[in-house]
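Report on one structure; see the data block that follows.
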Number of protein chains: 2
Amino acid sequence: MIAVQPAGDGLESGVAAYRQLREAISGGRFQPNERLIEADLARMLQVGRTAVRAALVRLDQEGLVSREPHRGARVRLVSEREALEIEEVRVSLEQLLVRRAATNVTPADLVKLRQSIDAMRERVAQGDPLGYSELNARFHQQIWDISNNQTARRLLANLKSQSIRFQYRTILRPGRTEESLEEHEAILAALTAGDADGAEAAMRTHLSQVVSTLKWSIESQTRPPSWLPG
Amino acid sequence: MIAVQPAGDGLESGVAAYRQLREAISGGRFQPNERLIEADLARMLQVGRTAVRAALVRLDQEGLVSREPHRGARVRLVSEREALEIEEVRVSLEQLLVRRAATNVTPADLVKLRQSIDAMRERVAQGDPLGYSELNARFHQQIWDISNNQTARRLLANLKSQSIRFQYRTILRPGRTEESLEEHEAILAALTAGDADGAEAAMRTHLSQVVSTLKWSIESQTRPPSWLPG
DNA sequence: GGGCTTGCGATTGTCGACAATCTTAGCGAC
DNA sequence: GTCGCTAAGATTGTCGACAATCGCAAGCCC
């Protein structure tokens, strides 16, 4: 028997639809609160309505879309308040994970983390906050991997996809990337020293900055809700 | 128009199936790893196979059920290692919540918490660990409510339903309930004082005990896996 | 007997059709 | 003009049927 790997397929088609939809939503290719009509999505994704339906149920459970009986699904609009809740949870979990990482970390891991930070430093020098943000995500994910807690990892990934809409607010603040870079250095230093308490503290400092930035951006923008007519 | 509240119904029937199944699984009415056959469940719950299917997808996303393409669904067996992961996450989140609770708590809340602890003390005196356990859950949920972070609350509820199978191990250890009771007192004391750091520390102490108990129960029981034949 | 193939029953995955429900546009009364 | 009502269209919820796939047991070859 030729072990043909079924091209990433071999999955029920609902999973394919789920992944594409998830990518599309968290990638911002839908407006917040936009209606998600099953028939349209089915045409769009080239799958049956059954598959779309399954995908929507999953995304609902995951918190990315909200479904009401007989009224269909919409991409869920996470409020600013909720974004703060999410960020608080994220701080907690990242603290836990970096603490575990401090005891698990290998020299090879440290090399990779160093490479990530160096790459980030380049982006800062080039004034490329978006590239920085991507590398930032990679840095954190590396820590998740090292810490070896799949449960927390999964939760964090979910939370991140829910709050992605607020991400740019925390990146684009002037001078933020430079600060962020130094905070990352502190985390790496603690990990290198195998200092669990230090790593946790450094992570708390780092992410508390993110929370503050987010809070600031929310409170300072008391703009009228632009989605209301009139 | 008479506003007839559709008797808790008005939901798509998939939600009803989901709730019942969830209750049944986390209530231990299925064996771990037991196959969940759609047609059987449909008969059992008096709903169509479509609804069962939707429920299973949700439970899969939630981690209570594991589904493989063309191979059906089983109640997910969470490994001991995973139970520890979950408990670690739980400690993190409960710390966060009790910290927030310390700043939100009202006198009325304190009265209710006091009542819960008093009721627990009674159960301890009566030697009723199961009743104690229920009240324990209530105490923690009260704190969740006070802390007012829906996101963390939801995650904690999910985690709890996943690890419920290991709960009895942490309750039945001799002398544990007495210790647990005093730890609860410490938490309440910190909350009464509005001491966020103290509350967090007390919660950490409390739940670390649970983690230790769980670890101890796992490591000490190097029993042969009873579910293997022979 | 051991290992492989084959066939069958059991179960899941998908689709189309239809019923139930919501939403919107049109119409008429005031 | 606007309010309320009605009908049509759009969309979701549910079911039954069928195809695809799996697991198992019987049979076959060596």
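In the structure tokens, chains take letters A, B, ... by order of appearance, with residues numbered from 1 within each chain and ligands from 1 in the order shown.
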What are the closest atom pairs, with distances in Å to one decimal, for each residue of chain A lying within 9 Å of chain C, using only C-alpha atoms (C1' of nucleotides), rows by chain and rising residue number, as CSV?
```
residue,atom,partner,partner_atom,distance
A:Glu12,CA,C:DG13,C1',7.1
A:Ser13,CA,C:DG13,C1',8.7
A:Gly48,CA,C:DT14,C1',7.6
A:Arg49,CA,C:DC15,C1',8.9
A:Thr50,CA,C:DT14,C1',7.3
A:Ala51,CA,C:DT14,C1',8.6
A:His70,CA,C:DT21,C1',6.1
A:Arg71,CA,C:DC22,C1',6.6
```
Distance filter 9 Å, only C-alpha atoms (C1' of nucleotides), chain A against chain D, as number ranges by chain = A: 37-39, 69-72
Keeping only C-alpha atoms, write those residues as a PDB file, in the first residue's frame.
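What ended up in out24.pdb:
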```pdb
ATOM      1  CA  ILE A  37     -24.803  33.611   5.640  1.00  0.00           C
ATOM      2  CA  GLU A  38     -24.421  29.887   5.329  1.00  0.00           C
ATOM      3  CA  ALA A  39     -25.225  29.662   1.646  1.00  0.00           C
ATOM      4  CA  PRO A  69     -31.500  30.779  16.717  1.00  0.00           C
ATOM      5  CA  HIS A  70     -33.115  31.434  13.363  1.00  0.00           C
ATOM      6  CA  ARG A  71     -31.198  34.648  13.112  1.00  0.00           C
ATOM      7  CA  GLY A  72     -27.942  33.333  11.793  1.00  0.00           C
TER       8      GLY A  72
END
```
task = Find the spatial neighbours of Glu178 of chain A, counting only C-alpha atoms (C1' of nucleotides), within a cut-off of 9 Å - ignore same-chain residues fewer than 4 positions away - and output them as a ChimeraX atom specification.
result = /A:121,124,174,182-183
Superimpose chain B on chain A so that the squared distances between all in-order C-alpha pairs are minimised, and send the result as a compact mmCIF listing (two decimals) with C-alpha atoms, in the first residue's frame.
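Written file, out.txt:
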```
# COMPACT_ATOMS: atom_id res chain seq x y z
CA MET B 1 -0.80 -0.56 0.37
CA ILE B 2 0.75 2.70 -0.69
CA ALA B 3 0.55 5.11 2.21
CA VAL B 4 -0.73 8.06 0.26
CA GLN B 5 -0.96 10.96 2.67
CA PRO B 6 -4.29 12.37 1.59
CA ALA B 7 -2.86 15.81 0.94
CA GLY B 8 -3.82 17.33 4.26
CA ASP B 9 -7.27 16.11 3.45
CA GLY B 10 -8.72 12.95 4.88
CA LEU B 11 -10.50 15.30 7.18
CA GLU B 12 -14.18 15.76 7.11
CA SER B 13 -14.78 18.81 5.00
CA GLY B 14 -16.17 20.66 7.98
CA VAL B 15 -12.66 21.01 9.32
CA ALA B 16 -11.45 22.60 6.10
CA ALA B 17 -14.30 25.07 6.22
CA TYR B 18 -13.56 25.74 9.87
CA ARG B 19 -9.91 26.51 9.21
CA GLN B 20 -10.59 28.77 6.28
CA LEU B 21 -13.33 30.64 8.06
CA ARG B 22 -11.26 31.00 11.17
CA GLU B 23 -8.37 32.33 9.19
CA ALA B 24 -10.65 34.74 7.35
CA ILE B 25 -12.27 36.06 10.50
CA SER B 26 -9.20 36.43 12.65
CA GLY B 27 -7.41 37.85 9.64
CA GLY B 28 -9.98 40.61 9.55
CA ARG B 29 -11.50 39.75 6.19
CA PHE B 30 -14.96 40.30 7.63
CA GLN B 31 -16.39 43.35 9.30
CA PRO B 32 -17.10 43.01 13.00
CA ASN B 33 -20.74 42.10 13.44
CA GLU B 34 -21.05 41.19 9.78
CA ARG B 35 -23.66 38.56 9.02
CA LEU B 36 -22.34 35.19 7.97
CA ILE B 37 -24.87 33.60 5.67
CA GLU B 38 -24.49 29.88 5.33
CA ALA B 39 -25.33 29.66 1.66
CA ASP B 40 -22.90 32.45 0.77
CA LEU B 41 -20.09 30.93 2.77
CA ALA B 42 -20.76 27.56 1.17
CA ARG B 43 -20.31 29.06 -2.29
CA MET B 44 -17.32 31.06 -1.16
CA LEU B 45 -15.49 28.11 0.40
CA GLN B 46 -16.63 25.55 -2.15
CA VAL B 47 -18.14 23.25 0.43
CA GLY B 48 -21.65 22.18 1.34
CA ARG B 49 -23.88 24.00 3.74
CA THR B 50 -23.48 21.15 6.21
CA ALA B 51 -19.78 21.81 6.47
CA VAL B 52 -20.32 25.54 6.88
CA ARG B 53 -22.81 24.84 9.62
CA ALA B 54 -20.35 22.65 11.50
CA ALA B 55 -17.67 25.29 11.13
CA LEU B 56 -19.96 27.96 12.51
CA VAL B 57 -20.84 25.83 15.51
CA ARG B 58 -17.16 25.39 16.26
CA LEU B 59 -16.41 29.05 15.85
CA ASP B 60 -19.33 29.87 18.09
CA GLN B 61 -18.02 27.59 20.81
CA GLU B 62 -14.64 29.21 20.32
CA GLY B 63 -16.02 32.70 20.70
CA LEU B 64 -15.18 34.02 17.26
CA VAL B 65 -18.74 33.92 16.00
CA SER B 66 -22.05 34.51 17.70
CA ARG B 67 -25.12 32.58 16.64
CA GLU B 68 -28.74 33.19 17.51
CA PRO B 69 -31.48 30.68 16.76
CA HIS B 70 -33.15 31.39 13.44
CA ARG B 71 -31.22 34.61 13.22
CA GLY B 72 -27.98 33.29 11.85
CA ALA B 73 -24.37 33.88 12.68
CA ARG B 74 -22.31 37.05 12.89
CA VAL B 75 -18.66 37.58 13.49
CA ARG B 76 -18.56 38.34 17.14
CA LEU B 77 -17.67 41.85 18.11
CA VAL B 78 -15.52 41.71 21.19
CA SER B 79 -16.07 44.80 23.26
CA GLU B 80 -13.23 46.87 24.61
CA ARG B 81 -14.14 45.72 28.06
CA GLU B 82 -13.89 42.14 26.92
CA ALA B 83 -10.57 42.81 25.26
CA LEU B 84 -9.27 43.91 28.63
CA GLU B 85 -10.62 40.77 30.27
CA ILE B 86 -8.89 38.70 27.65
CA GLU B 87 -5.63 40.54 28.07
CA GLU B 88 -5.76 39.99 31.81
CA VAL B 89 -6.19 36.28 31.29
CA ARG B 90 -3.39 36.34 28.80
CA VAL B 91 -1.06 37.94 31.32
CA SER B 92 -1.88 35.24 33.83
CA LEU B 93 -1.26 32.39 31.45
CA GLU B 94 1.90 33.84 29.98
CA GLN B 95 3.28 34.22 33.47
CA LEU B 96 2.57 30.59 34.16
CA LEU B 97 4.16 29.49 30.91
CA VAL B 98 7.30 31.56 31.17
CA ARG B 99 7.79 30.24 34.69
CA ARG B 100 7.62 26.69 33.42
CA ALA B 101 9.84 27.60 30.50
CA ALA B 102 12.51 28.81 32.90
CA THR B 103 12.91 25.31 34.27
CA ASN B 104 12.64 23.53 30.91
CA VAL B 105 14.70 25.74 28.67
CA THR B 106 17.66 24.21 26.79
CA PRO B 107 20.69 26.00 25.35
CA ALA B 108 19.32 25.43 21.85
CA ASP B 109 16.10 27.18 22.88
CA LEU B 110 18.06 30.12 24.19
CA VAL B 111 19.85 30.47 20.86
CA LYS B 112 16.56 30.60 19.00
CA LEU B 113 15.11 33.12 21.40
CA ARG B 114 18.21 35.26 21.00
CA GLN B 115 17.79 35.13 17.23
CA SER B 116 14.18 36.26 17.53
CA ILE B 117 15.13 39.21 19.67
CA ASP B 118 17.96 40.19 17.35
CA ALA B 119 15.53 40.12 14.44
CA MET B 120 13.16 42.29 16.44
CA ARG B 121 15.91 44.77 17.12
CA GLU B 122 16.45 45.06 13.39
CA ARG B 123 12.80 45.80 12.79
CA VAL B 124 12.87 48.48 15.44
CA ALA B 125 15.90 50.04 13.78
CA GLN B 126 14.09 49.97 10.46
CA GLY B 127 10.95 51.45 11.96
CA ASP B 128 8.84 48.47 10.96
CA PRO B 129 6.27 47.98 13.73
CA LEU B 130 4.25 45.38 11.84
CA GLY B 131 7.27 43.19 11.20
CA TYR B 132 8.15 43.68 14.83
CA SER B 133 4.70 42.55 15.87
CA GLU B 134 5.00 39.34 13.91
CA LEU B 135 8.34 38.53 15.46
CA ASN B 136 6.92 39.42 18.83
CA ALA B 137 4.23 36.79 18.34
CA ARG B 138 6.90 34.30 17.34
CA PHE B 139 8.95 35.04 20.44
CA HIS B 140 5.99 34.40 22.70
CA GLN B 141 5.08 31.23 20.86
CA GLN B 142 8.59 29.95 21.29
CA ILE B 143 8.16 30.37 25.01
CA TRP B 144 4.85 28.54 24.86
CA ASP B 145 6.56 25.66 23.12
CA ILE B 146 9.34 25.49 25.67
CA SER B 147 6.98 25.55 28.60
CA ASN B 148 5.30 22.44 27.33
CA ASN B 149 1.77 23.00 28.60
CA GLN B 150 -0.52 22.22 25.70
CA THR B 151 -3.63 23.21 27.57
CA ALA B 152 -2.48 26.72 28.30
CA ARG B 153 -1.05 27.00 24.81
CA ARG B 154 -4.37 26.18 23.22
CA LEU B 155 -6.22 28.65 25.40
CA LEU B 156 -3.75 31.40 24.62
CA ALA B 157 -4.02 30.80 20.90
CA ASN B 158 -7.80 31.06 21.14
CA LEU B 159 -7.67 34.22 23.16
CA LYS B 160 -5.29 35.79 20.75
CA SER B 161 -7.53 35.16 17.79
CA GLN B 162 -10.39 36.79 19.63
CA SER B 163 -8.60 39.97 20.53
CA ILE B 164 -6.57 40.35 17.39
CA ARG B 165 -8.61 43.38 16.40
CA PHE B 166 -7.15 45.38 19.25
CA GLN B 167 -3.60 44.38 18.60
CA TYR B 168 -2.63 47.30 16.43
CA ARG B 169 -3.53 49.73 19.16
CA THR B 170 -0.81 48.38 21.38
CA ILE B 171 1.82 48.31 18.66
CA LEU B 172 1.52 51.69 17.06
CA ARG B 173 2.00 53.80 20.15
CA PRO B 174 5.18 55.82 19.63
CA GLY B 175 8.19 54.51 21.49
CA ARG B 176 6.38 51.35 22.49
CA THR B 177 8.46 49.03 20.36
CA GLU B 178 11.70 50.23 21.93
CA GLU B 179 10.37 49.62 25.43
CA SER B 180 8.94 46.29 24.39
CA LEU B 181 12.28 45.18 23.04
CA GLU B 182 14.04 45.84 26.33
CA GLU B 183 11.31 43.98 28.20
CA HIS B 184 11.92 41.02 25.95
CA GLU B 185 15.60 41.20 26.74
CA ALA B 186 14.77 41.05 30.43
CA ILE B 187 12.66 37.96 29.90
CA LEU B 188 15.40 36.25 27.95
CA ALA B 189 17.96 37.18 30.58
CA ALA B 190 15.85 35.59 33.30
CA LEU B 191 15.34 32.48 31.19
CA THR B 192 19.06 32.24 30.53
CA ALA B 193 19.67 32.40 34.27
CA GLY B 194 17.01 29.76 34.82
CA ASP B 195 15.34 32.23 37.15
CA ALA B 196 11.65 31.27 37.26
CA ASP B 197 10.57 34.08 39.58
CA GLY B 198 12.51 36.61 37.55
CA ALA B 199 11.06 35.38 34.28
CA GLU B 200 7.56 35.54 35.65
CA ALA B 201 8.13 39.04 36.96
CA ALA B 202 9.64 40.19 33.68
CA MET B 203 6.71 38.78 31.76
CA ARG B 204 4.28 40.47 34.13
CA THR B 205 6.04 43.77 33.63
CA HIS B 206 6.04 43.28 29.89
CA LEU B 207 2.39 42.40 29.48
CA SER B 208 1.18 44.88 32.05
CA GLN B 209 2.60 47.48 29.73
CA VAL B 210 0.43 46.07 26.98
CA VAL B 211 -2.62 46.18 29.22
CA SER B 212 -1.89 49.78 30.18
CA THR B 213 -1.42 50.76 26.57
CA LEU B 214 -4.70 49.13 25.69
CA LYS B 215 -6.50 50.78 28.57
CA TRP B 216 -5.04 54.13 27.63
CA SER B 217 -6.07 53.74 24.02
CA ILE B 218 -9.60 52.85 25.03
CA GLU B 219 -10.08 55.60 27.57
CA SER B 220 -8.47 58.32 25.52
CA GLN B 221 -10.57 57.56 22.50
CA THR B 222 -14.01 58.61 23.68
CA ARG B 223 -14.92 59.01 20.07
CA PRO B 224 -18.53 58.68 19.00
CA PRO B 225 -19.22 55.17 17.79
CA SER B 226 -18.60 55.55 14.10
CA TRP B 227 -20.83 52.64 13.22
CA LEU B 228 -23.94 54.51 14.30
CA PRO B 229 -25.67 56.47 11.51
CA GLY B 230 -25.90 60.21 11.87
```
task = From the DSSP assignment of the backbone, select every residue of segment 54-194 of chain A that is strand (DSSP E), and format the answer as a list in words.
result = Val65, Ser66, Arg67, Glu68, Gly72, Ala73, Arg74 and Val75 of chain A
ask   = Can you list every residue in segment 2-140 of chain A that DSSP puts in alpha helix (DSSP H), as a PyMOL selection string?
value = chain A and resi 13-26+38-45+49-62+80-104+107-126+129-140
